[in-house]
>>> print(open('upload_31.pdb').read())   # PDB, C-alpha atoms
ATOM      1  CA  MET A   1     -19.453 -97.930  95.292
ATOM      2  CA  GLY A   2     -22.276 -98.488  92.759
ATOM      3  CA  THR A   3     -25.936 -98.929  93.446
ATOM      4  CA  ASP A   4     -26.901-102.543  94.110
ATOM      5  CA  TYR A   5     -29.967-103.606  92.123
ATOM      6  CA  ARG A   6     -31.781-106.806  92.950
ATOM      7  CA  PRO A   7     -34.837-108.462  91.421
ATOM      8  CA  LEU A   8     -38.169-107.194  92.708
ATOM      9  CA  ARG A   9     -40.902-109.800  92.686
ATOM     10  CA  LEU A  10     -44.272-108.348  91.776
ATOM     11  CA  GLU A  11     -47.562-110.197  91.336
ATOM     12  CA  THR A  12     -47.775-111.304  87.693
ATOM     13  CA  ALA A  13     -51.161-113.072  87.431
ATOM     14  CA  SER A  14     -52.654-110.105  85.537
ATOM     15  CA  TRP A  15     -51.809-106.530  84.614
ATOM     16  CA  GLU A  16     -54.220-105.340  87.320
ATOM     17  CA  SER A  17     -52.565-107.408  90.066
ATOM     18  CA  TRP A  18     -49.108-106.351  88.797
ATOM     19  CA  GLN A  19     -50.172-102.713  88.969
ATOM     20  CA  GLN A  20     -51.465-103.125  92.537
ATOM     21  CA  SER A  21     -48.230-104.858  93.520
ATOM     22  CA  LEU A  22     -46.156-102.023  92.004
ATOM     23  CA  THR A  23     -48.275 -99.464  93.894
ATOM     24  CA  SER A  24     -47.496-101.269  97.166
ATOM     25  CA  ALA A  25     -43.773-101.427  96.339
ATOM     26  CA  LEU A  26     -43.682 -97.675  95.611
ATOM     27  CA  LEU A  27     -45.411 -96.887  98.908
ATOM     28  CA  ALA A  28     -42.935 -99.116 100.769
ATOM     29  CA  ASN A  29     -39.902 -97.442  99.186
ATOM     30  CA  ARG A  30     -37.893 -94.873 101.125
ATOM     31  CA  VAL A  31     -36.559 -91.584  99.773
ATOM     32  CA  ASP A  32     -34.060 -92.165  96.912
ATOM     33  CA  ASP A  33     -35.056 -95.826  96.489
ATOM     34  CA  ASN A  34     -35.848 -96.710  92.911
ATOM     35  CA  ILE A  35     -37.418 -99.374  90.767
ATOM     36  CA  VAL A  36     -36.376-100.042  87.172
ATOM     37  CA  ILE A  37     -38.777-101.830  84.838
ATOM     38  CA  GLY A  38     -37.559-103.065  81.480
ATOM     39  CA  ALA A  39     -39.391-104.596  78.557
ATOM     40  CA  PRO A  40     -37.924-107.647  76.814
ATOM     41  CA  PRO A  41     -35.322-107.010  74.098
ATOM     42  CA  ARG A  42     -36.796-106.438  70.657
ATOM     43  CA  SER A  43     -35.788-105.976  67.065
ATOM     44  CA  THR A  44     -36.955-103.955  64.077
ATOM     45  CA  PRO A  45     -36.728-104.649  60.358
ATOM     46  CA  LEU A  46     -33.719-103.181  58.592
ATOM     47  CA  THR A  47     -34.318-100.124  56.440
ATOM     48  CA  ALA A  48     -33.428-100.280  52.721
ATOM     49  CA  GLU A  49     -30.175 -98.420  53.476
ATOM     50  CA  GLU A  50     -29.223-100.903  56.195
ATOM     51  CA  LYS A  51     -29.819-104.100  54.194
ATOM     52  CA  PRO A  52     -26.715-105.947  53.006
ATOM     53  CA  SER A  53     -25.619-105.411  49.440
ATOM     54  CA  ALA A  54     -26.265-107.962  46.724
ATOM     55  CA  TRP A  55     -22.525-108.674  46.693
ATOM     56  CA  ALA A  56     -22.445-109.933  50.277
ATOM     57  CA  PHE A  57     -21.014-113.457  50.484
ATOM     58  CA  TRP A  58     -23.176-114.375  53.430
ATOM     59  CA  ARG A  59     -26.735-113.528  54.260
ATOM     60  CA  GLU A  60     -26.917-111.062  57.093
ATOM     61  CA  SER A  61     -29.871-110.699  59.399
ATOM     62  CA  GLU A  62     -32.892-108.832  58.084
ATOM     63  CA  VAL A  63     -33.532-107.313  61.534
ATOM     64  CA  ARG A  64     -31.594-105.057  63.851
ATOM     65  CA  SER A  65     -31.653-105.269  67.634
ATOM     66  CA  VAL A  66     -32.828-102.136  69.386
ATOM     67  CA  ALA A  67     -32.643-101.096  73.006
ATOM     68  CA  ALA A  68     -35.509-102.390  75.100
ATOM     69  CA  PRO A  69     -37.868 -99.750  76.521
ATOM     70  CA  TRP A  70     -37.436 -99.118  80.229
ATOM     71  CA  VAL A  71     -38.630 -96.747  82.921
ATOM     72  CA  GLN A  72     -37.184 -95.893  86.326
ATOM     73  CA  LEU A  73     -39.374 -94.877  89.270
ATOM     74  CA  LEU A  74     -37.432 -92.818  91.801
ATOM     75  CA  ARG A  75     -39.014 -92.110  95.169
ATOM     76  CA  ASP A  76     -38.654 -88.565  96.529
ATOM     77  CA  ASP A  77     -40.059 -87.206  99.808
ATOM     78  CA  ASP A  78     -43.683 -86.864  98.762
ATOM     79  CA  CYS A  79     -43.598 -87.696  95.071
ATOM     80  CA  VAL A  80     -42.238 -90.139  92.518
ATOM     81  CA  LEU A  81     -40.253 -89.402  89.362
ATOM     82  CA  LEU A  82     -40.848 -91.565  86.307
ATOM     83  CA  ASP A  83     -37.734 -91.362  84.142
ATOM     84  CA  SER A  84     -36.711 -92.826  80.780
ATOM     85  CA  VAL A  85     -34.788 -91.846  77.661
ATOM     86  CA  ALA A  86     -36.391 -91.125  74.298
ATOM     87  CA  GLU A  87     -33.933 -93.228  72.279
ATOM     88  CA  VAL A  88     -35.446 -96.497  73.529
ATOM     89  CA  TRP A  89     -38.890 -95.453  72.266
ATOM     90  CA  SER A  90     -39.822 -95.072  68.578
ATOM     91  CA  PRO A  91     -41.361 -91.776  67.371
ATOM     92  CA  ASP A  92     -44.818 -93.411  67.318
ATOM     93  CA  GLU A  93     -44.278 -94.746  70.834
ATOM     94  CA  ARG A  94     -43.221 -91.293  72.082
ATOM     95  CA  GLU A  95     -46.445 -89.896  70.651
ATOM     96  CA  SER A  96     -48.352 -92.574  72.592
ATOM     97  CA  LEU A  97     -46.396 -91.655  75.747
ATOM     98  CA  GLU A  98     -47.532 -88.048  75.356
ATOM     99  CA  ALA A  99     -51.119 -89.306  75.220
ATOM    100  CA  LEU A 100     -50.448 -91.060  78.560
ATOM    101  CA  GLY A 101     -49.368 -87.736  80.073
ATOM    102  CA  TRP A 102     -45.595 -87.610  79.507
ATOM    103  CA  PRO A 103     -44.786 -83.963  78.761
ATOM    104  CA  GLN A 104     -42.986 -83.225  75.481
ATOM    105  CA  ALA A 105     -42.153 -86.889  74.847
ATOM    106  CA  ARG A 106     -41.669 -86.180  71.130
ATOM    107  CA  GLU A 107     -39.264 -83.246  71.595
ATOM    108  CA  THR A 108     -36.936 -84.187  74.434
ATOM    109  CA  ALA A 109     -34.141 -86.735  74.895
ATOM    110  CA  THR A 110     -34.931 -87.369  78.565
ATOM    111  CA  LEU A 111     -38.475 -88.278  79.528
ATOM    112  CA  GLN A 112     -39.475 -87.225  83.025
ATOM    113  CA  LEU A 113     -42.842 -87.164  84.733
ATOM    114  CA  TRP A 114     -43.335 -86.135  88.365
ATOM    115  CA  LEU A 115     -46.329 -87.464  90.280
ATOM    116  CA  PRO A 116     -48.426 -86.118  91.762
ATOM    117  CA  ARG A 117     -48.704 -83.473  89.076
ATOM    118  CA  THR A 118     -49.661 -80.810  91.631
ATOM    119  CA  LYS A 119     -47.810 -79.833  94.811
ATOM    120  CA  PRO A 120     -48.479 -82.576  97.358
ATOM    121  CA  VAL A 121     -50.123 -81.767 100.646
ATOM    122  CA  GLY A 122     -48.803 -83.755 103.582
ATOM    123  CA  ILE A 123     -45.798 -85.895 104.280
ATOM    124  CA  GLY A 124     -44.919 -89.026 102.353
ATOM    125  CA  LEU A 125     -46.005 -90.369  99.010
ATOM    126  CA  ALA A 126     -49.769 -90.304  98.629
ATOM    127  CA  GLU A 127     -51.390 -93.573  97.631
ATOM    128  CA  ASP A 128     -53.133 -91.818  94.708
ATOM    129  CA  ALA A 129     -49.761 -90.729  93.260
ATOM    130  CA  ALA A 130     -48.292 -94.235  93.646
ATOM    131  CA  ARG A 131     -51.394 -95.740  92.042
ATOM    132  CA  GLU A 132     -51.215 -93.282  89.115
ATOM    133  CA  ALA A 133     -47.499 -94.025  88.601
ATOM    134  CA  ALA A 134     -48.181 -97.777  88.555
ATOM    135  CA  GLN A 135     -51.088 -97.303  86.150
ATOM    136  CA  ILE A 136     -48.987 -95.211  83.739
ATOM    137  CA  VAL A 137     -46.121 -97.730  83.805
ATOM    138  CA  ALA A 138     -48.497-100.656  83.231
ATOM    139  CA  ARG A 139     -50.037 -98.870  80.237
ATOM    140  CA  MET A 140     -46.563 -97.934  78.927
ATOM    141  CA  MET A 141     -45.424-101.515  78.969
ATOM    142  CA  ARG A 142     -48.686-103.202  77.924
ATOM    143  CA  ASP A 143     -50.040-100.717  75.371
ATOM    144  CA  VAL A 144     -46.971 -98.849  74.089
ATOM    145  CA  ALA A 145     -44.094-101.349  74.377
ATOM    146  CA  VAL A 146     -46.583-104.182  73.643
ATOM    147  CA  VAL A 147     -45.393-106.492  76.400
ATOM    148  CA  ARG A 148     -47.803-109.443  76.457
ATOM    149  CA  ALA A 149     -47.707-110.241  80.165
ATOM    150  CA  PRO A 150     -46.240-108.663  83.302
ATOM    151  CA  ALA A 151     -44.140-111.804  83.841
ATOM    152  CA  ASP A 152     -42.156-110.796  80.719
ATOM    153  CA  LEU A 153     -40.859-107.635  82.418
ATOM    154  CA  ASP A 154     -37.500-107.324  84.114
ATOM    155  CA  VAL A 155     -38.119-105.541  87.443
ATOM    156  CA  THR A 156     -35.253-104.553  89.739
ATOM    157  CA  GLN A 157     -35.020-102.395  92.840
ATOM    158  CA  ALA A 158     -32.304-100.462  94.601
ATOM    159  CA  ASN A 159     -32.765 -99.377  98.203
ATOM    160  CA  VAL A 160     -30.531 -96.327  98.611
ATOM    161  CA  GLY A 161     -32.391 -94.237 101.192
TER     162      GLY A 161
END
>>> encode(input="upload_31.pdb", output="structure tokens")
Amino acid sequence: MGTDYRPLRLETASWESWQQSLTSALLANRVDDNIVIGAPPRSTPLTAEEKPSAWAFWRESEVRSVAAPWVQLLRDDDCVLLDSVAEVWSPDERESLEALGWPQARETATLQLWLPRTKPVGIGLAEDAAREAAQIVARMMRDVAVVRAPADLDVTQANVG
């Protein structure tokens, strides 16, 4: 039986309110619950090698669809894993992700970031770690994936735990 994802409604009035809403959702999640956040589909211009030949009988599109950036937030006992794959991010975007704190984003196929970054003290996910995760995701989507508004994001949740 597969995991059942359903839409997760977060506050979308502003990036700040969206971030606060995501923080609350992370704190409410149980162990193994996850949230997946996806940017809208996008396209990139074709390279010279990809453009149709002059002999083509019909005009093909000058753009190519590319996978939309996404990130998954998986709740563990006292931490949260932010997870994505490099192929949905351009080389420039992966460099920007490294600046946000993603380790080795330019060299690895799987992007993973555990929060908190140090061994947690106590039981349960600390509010500071949830807040940092929400802040990083908001900056990923707003500043790196260039999503105009939080309402443009596709946010789903699976309660497994």
>>> residues_around(input="upload_31.pdb", residues="Ala99 of chain A", least_positions_apart="3", cutoff="12 Å", atoms="all atoms listed in the file", output="ChimeraX atom specification")
/A:92-96,102-106,136,139-140,143-144
>>> resolve_selection(input="upload_31.pdb", expression="the PyMOL selection byres ((chain A and resi 142) around 12)", output="MDAnalysis selection string")
chainID A and resid 14:16 18:19 38:40 69 93 96:97 134:141 143:153
>>> resolve_selection(input="upload_31.pdb", expression="the PyMOL selection byres ((chain A and resi 35) around 7)", output="PyMOL selection string")
chain A and resi 34+36-37+72-74+156-158
>>> residues_near_point(input="upload_31.pdb", point="(-48.3, -83.7, 89.6)", cutoff="12 Å", atoms="all atoms listed in the file", output="short mmCIF file (atom, residue, chain, number, x, y, z; two decimals) with C-alpha atoms, in the frame of the given file")
data_model
loop_
_atom_site.label_atom_id
_atom_site.label_comp_id
_atom_site.auth_asym_id
_atom_site.auth_seq_id
_atom_site.Cartn_x
_atom_site.Cartn_y
_atom_site.Cartn_z
CA ASP A 78 -43.68 -86.86 98.76
CA CYS A 79 -43.60 -87.70 95.07
CA VAL A 80 -42.24 -90.14 92.52
CA LEU A 81 -40.25 -89.40 89.36
CA LEU A 82 -40.85 -91.56 86.31
CA GLY A 101 -49.37 -87.74 80.07
CA TRP A 102 -45.60 -87.61 79.51
CA PRO A 103 -44.79 -83.96 78.76
CA GLN A 112 -39.48 -87.22 83.02
CA LEU A 113 -42.84 -87.16 84.73
CA TRP A 114 -43.34 -86.14 88.36
CA LEU A 115 -46.33 -87.46 90.28
CA PRO A 116 -48.43 -86.12 91.76
CA ARG A 117 -48.70 -83.47 89.08
CA THR A 118 -49.66 -80.81 91.63
CA LYS A 119 -47.81 -79.83 94.81
CA PRO A 120 -48.48 -82.58 97.36
CA VAL A 121 -50.12 -81.77 100.65
CA LEU A 125 -46.00 -90.37 99.01
CA ALA A 126 -49.77 -90.30 98.63
CA ASP A 128 -53.13 -91.82 94.71
CA ALA A 129 -49.76 -90.73 93.26
CA ALA A 130 -48.29 -94.24 93.65
CA GLU A 132 -51.22 -93.28 89.12
CA ALA A 133 -47.50 -94.02 88.60
#
>>> atom_distance(input="upload_31.pdb", atom1="atom CA of Thr108 of chain A", atom2="atom CA of Ala86 of chain A")
7.0 Å
>>> axis_aligned_box(input="upload_31.pdb", around="segment 126-136 of chain A", padding_each_side="3 Å", output="JSON")
{"center_x": -50.3, "center_y": -94.0, "center_z": 91.2, "size_x": 11.6, "size_y": 13.5, "size_z": 20.9}
>>> closest_residue(input="upload_31.pdb", among="A:Val71, A:Asn29, A:Val88, A:Arg131", to="Asp154 of chain A", atoms="all atoms listed in the file")
A:Val71
>>> atom_distance(input="upload_31.pdb", atom1="atom CA of Leu10 of chain A", atom2="atom CA of Gly122 of chain A")
27.7 Å
>>> build_atoms(input="upload_31.pdb", residues="segment 11-42 of chain A", atoms="N, CA and C atoms", output="mmCIF file, in the frame of the given file")
data_model
loop_
_atom_site.group_PDB
_atom_site.id
_atom_site.type_symbol
_atom_site.label_atom_id
_atom_site.label_comp_id
_atom_site.auth_asym_id
_atom_site.auth_seq_id
_atom_site.Cartn_x
_atom_site.Cartn_y
_atom_site.Cartn_z
ATOM 1 N N GLU A 11 -46.497 -109.279 91.739
ATOM 2 C CA GLU A 11 -47.562 -110.197 91.336
ATOM 3 C C GLU A 11 -47.698 -110.141 89.809
ATOM 4 N N THR A 12 -47.736 -111.290 89.155
ATOM 5 C CA THR A 12 -47.775 -111.304 87.693
ATOM 6 C C THR A 12 -48.980 -112.053 87.112
ATOM 7 N N ALA A 13 -49.994 -112.326 87.917
ATOM 8 C CA ALA A 13 -51.161 -113.072 87.431
ATOM 9 C C ALA A 13 -51.927 -112.290 86.364
ATOM 10 N N SER A 14 -51.956 -110.969 86.502
ATOM 11 C CA SER A 14 -52.654 -110.105 85.537
ATOM 12 C C SER A 14 -52.023 -108.723 85.591
ATOM 13 N N TRP A 15 -52.330 -107.897 84.592
ATOM 14 C CA TRP A 15 -51.809 -106.530 84.614
ATOM 15 C C TRP A 15 -52.364 -105.759 85.813
ATOM 16 N N GLU A 16 -53.622 -106.025 86.166
ATOM 17 C CA GLU A 16 -54.220 -105.340 87.320
ATOM 18 C C GLU A 16 -53.519 -105.707 88.621
ATOM 19 N N SER A 17 -53.246 -106.996 88.829
ATOM 20 C CA SER A 17 -52.565 -107.408 90.066
ATOM 21 C C SER A 17 -51.120 -106.912 90.076
ATOM 22 N N TRP A 18 -50.478 -106.877 88.903
ATOM 23 C CA TRP A 18 -49.108 -106.351 88.797
ATOM 24 C C TRP A 18 -49.096 -104.872 89.180
ATOM 25 N N GLN A 19 -50.063 -104.145 88.675
ATOM 26 C CA GLN A 19 -50.172 -102.713 88.969
ATOM 27 C C GLN A 19 -50.386 -102.480 90.467
ATOM 28 N N GLN A 20 -51.236 -103.251 91.101
ATOM 29 C CA GLN A 20 -51.465 -103.125 92.537
ATOM 30 C C GLN A 20 -50.200 -103.458 93.319
ATOM 31 N N SER A 21 -49.476 -104.464 92.874
ATOM 32 C CA SER A 21 -48.230 -104.858 93.520
ATOM 33 C C SER A 21 -47.169 -103.762 93.388
ATOM 34 N N LEU A 22 -47.096 -103.130 92.208
ATOM 35 C CA LEU A 22 -46.156 -102.023 92.004
ATOM 36 C C LEU A 22 -46.535 -100.837 92.883
ATOM 37 N N THR A 23 -47.819 -100.549 93.015
ATOM 38 C CA THR A 23 -48.275 -99.464 93.894
ATOM 39 C C THR A 23 -47.784 -99.714 95.325
ATOM 40 N N SER A 24 -47.946 -100.921 95.807
ATOM 41 C CA SER A 24 -47.496 -101.269 97.166
ATOM 42 C C SER A 24 -45.989 -101.118 97.306
ATOM 43 N N ALA A 25 -45.234 -101.539 96.293
ATOM 44 C CA ALA A 25 -43.773 -101.427 96.339
ATOM 45 C C ALA A 25 -43.348 -99.957 96.378
ATOM 46 N N LEU A 26 -44.010 -99.105 95.595
ATOM 47 C CA LEU A 26 -43.682 -97.675 95.611
ATOM 48 C C LEU A 26 -43.952 -97.069 96.979
ATOM 49 N N LEU A 27 -45.067 -97.429 97.590
ATOM 50 C CA LEU A 27 -45.411 -96.887 98.908
ATOM 51 C C LEU A 27 -44.442 -97.376 99.979
ATOM 52 N N ALA A 28 -43.882 -98.565 99.795
ATOM 53 C CA ALA A 28 -42.935 -99.116 100.769
ATOM 54 C C ALA A 28 -41.524 -98.550 100.600
ATOM 55 N N ASN A 29 -41.239 -97.990 99.427
ATOM 56 C CA ASN A 29 -39.902 -97.442 99.186
ATOM 57 C C ASN A 29 -39.628 -96.235 100.077
ATOM 58 N N ARG A 30 -38.332 -96.056 100.381
ATOM 59 C CA ARG A 30 -37.893 -94.873 101.125
ATOM 60 C C ARG A 30 -37.386 -93.839 100.131
ATOM 61 N N VAL A 31 -37.099 -92.648 100.617
ATOM 62 C CA VAL A 31 -36.559 -91.584 99.773
ATOM 63 C C VAL A 31 -35.298 -92.076 99.078
ATOM 64 N N ASP A 32 -35.176 -91.806 97.794
ATOM 65 C CA ASP A 32 -34.060 -92.165 96.912
ATOM 66 C C ASP A 32 -34.039 -93.634 96.498
ATOM 67 N N ASP A 33 -34.950 -94.462 96.998
ATOM 68 C CA ASP A 33 -35.056 -95.826 96.489
ATOM 69 C C ASP A 33 -35.637 -95.765 95.082
ATOM 70 N N ASN A 34 -35.262 -96.717 94.243
ATOM 71 C CA ASN A 34 -35.848 -96.710 92.911
ATOM 72 C C ASN A 34 -36.132 -98.112 92.406
ATOM 73 N N ILE A 35 -37.011 -98.140 91.423
ATOM 74 C CA ILE A 35 -37.418 -99.374 90.767
ATOM 75 C C ILE A 35 -37.197 -99.158 89.278
ATOM 76 N N VAL A 36 -36.577 -100.122 88.618
ATOM 77 C CA VAL A 36 -36.376 -100.042 87.172
ATOM 78 C C VAL A 36 -37.146 -101.196 86.533
ATOM 79 N N ILE A 37 -37.946 -100.847 85.525
ATOM 80 C CA ILE A 37 -38.777 -101.830 84.838
ATOM 81 C C ILE A 37 -38.386 -101.815 83.364
ATOM 82 N N GLY A 38 -37.982 -102.961 82.869
ATOM 83 C CA GLY A 38 -37.559 -103.065 81.480
ATOM 84 C C GLY A 38 -38.391 -104.064 80.700
ATOM 85 N N ALA A 39 -38.694 -103.687 79.465
ATOM 86 C CA ALA A 39 -39.391 -104.596 78.557
ATOM 87 C C ALA A 39 -38.381 -105.591 77.990
ATOM 88 N N PRO A 40 -38.849 -106.689 77.433
ATOM 89 C CA PRO A 40 -37.924 -107.647 76.814
ATOM 90 C C PRO A 40 -37.202 -107.018 75.619
ATOM 91 N N PRO A 41 -36.020 -107.508 75.288
ATOM 92 C CA PRO A 41 -35.322 -107.010 74.098
ATOM 93 C C PRO A 41 -36.197 -107.195 72.861
ATOM 94 N N ARG A 42 -36.001 -106.336 71.876
ATOM 95 C CA ARG A 42 -36.796 -106.438 70.657
ATOM 96 C C ARG A 42 -35.945 -106.085 69.450
#
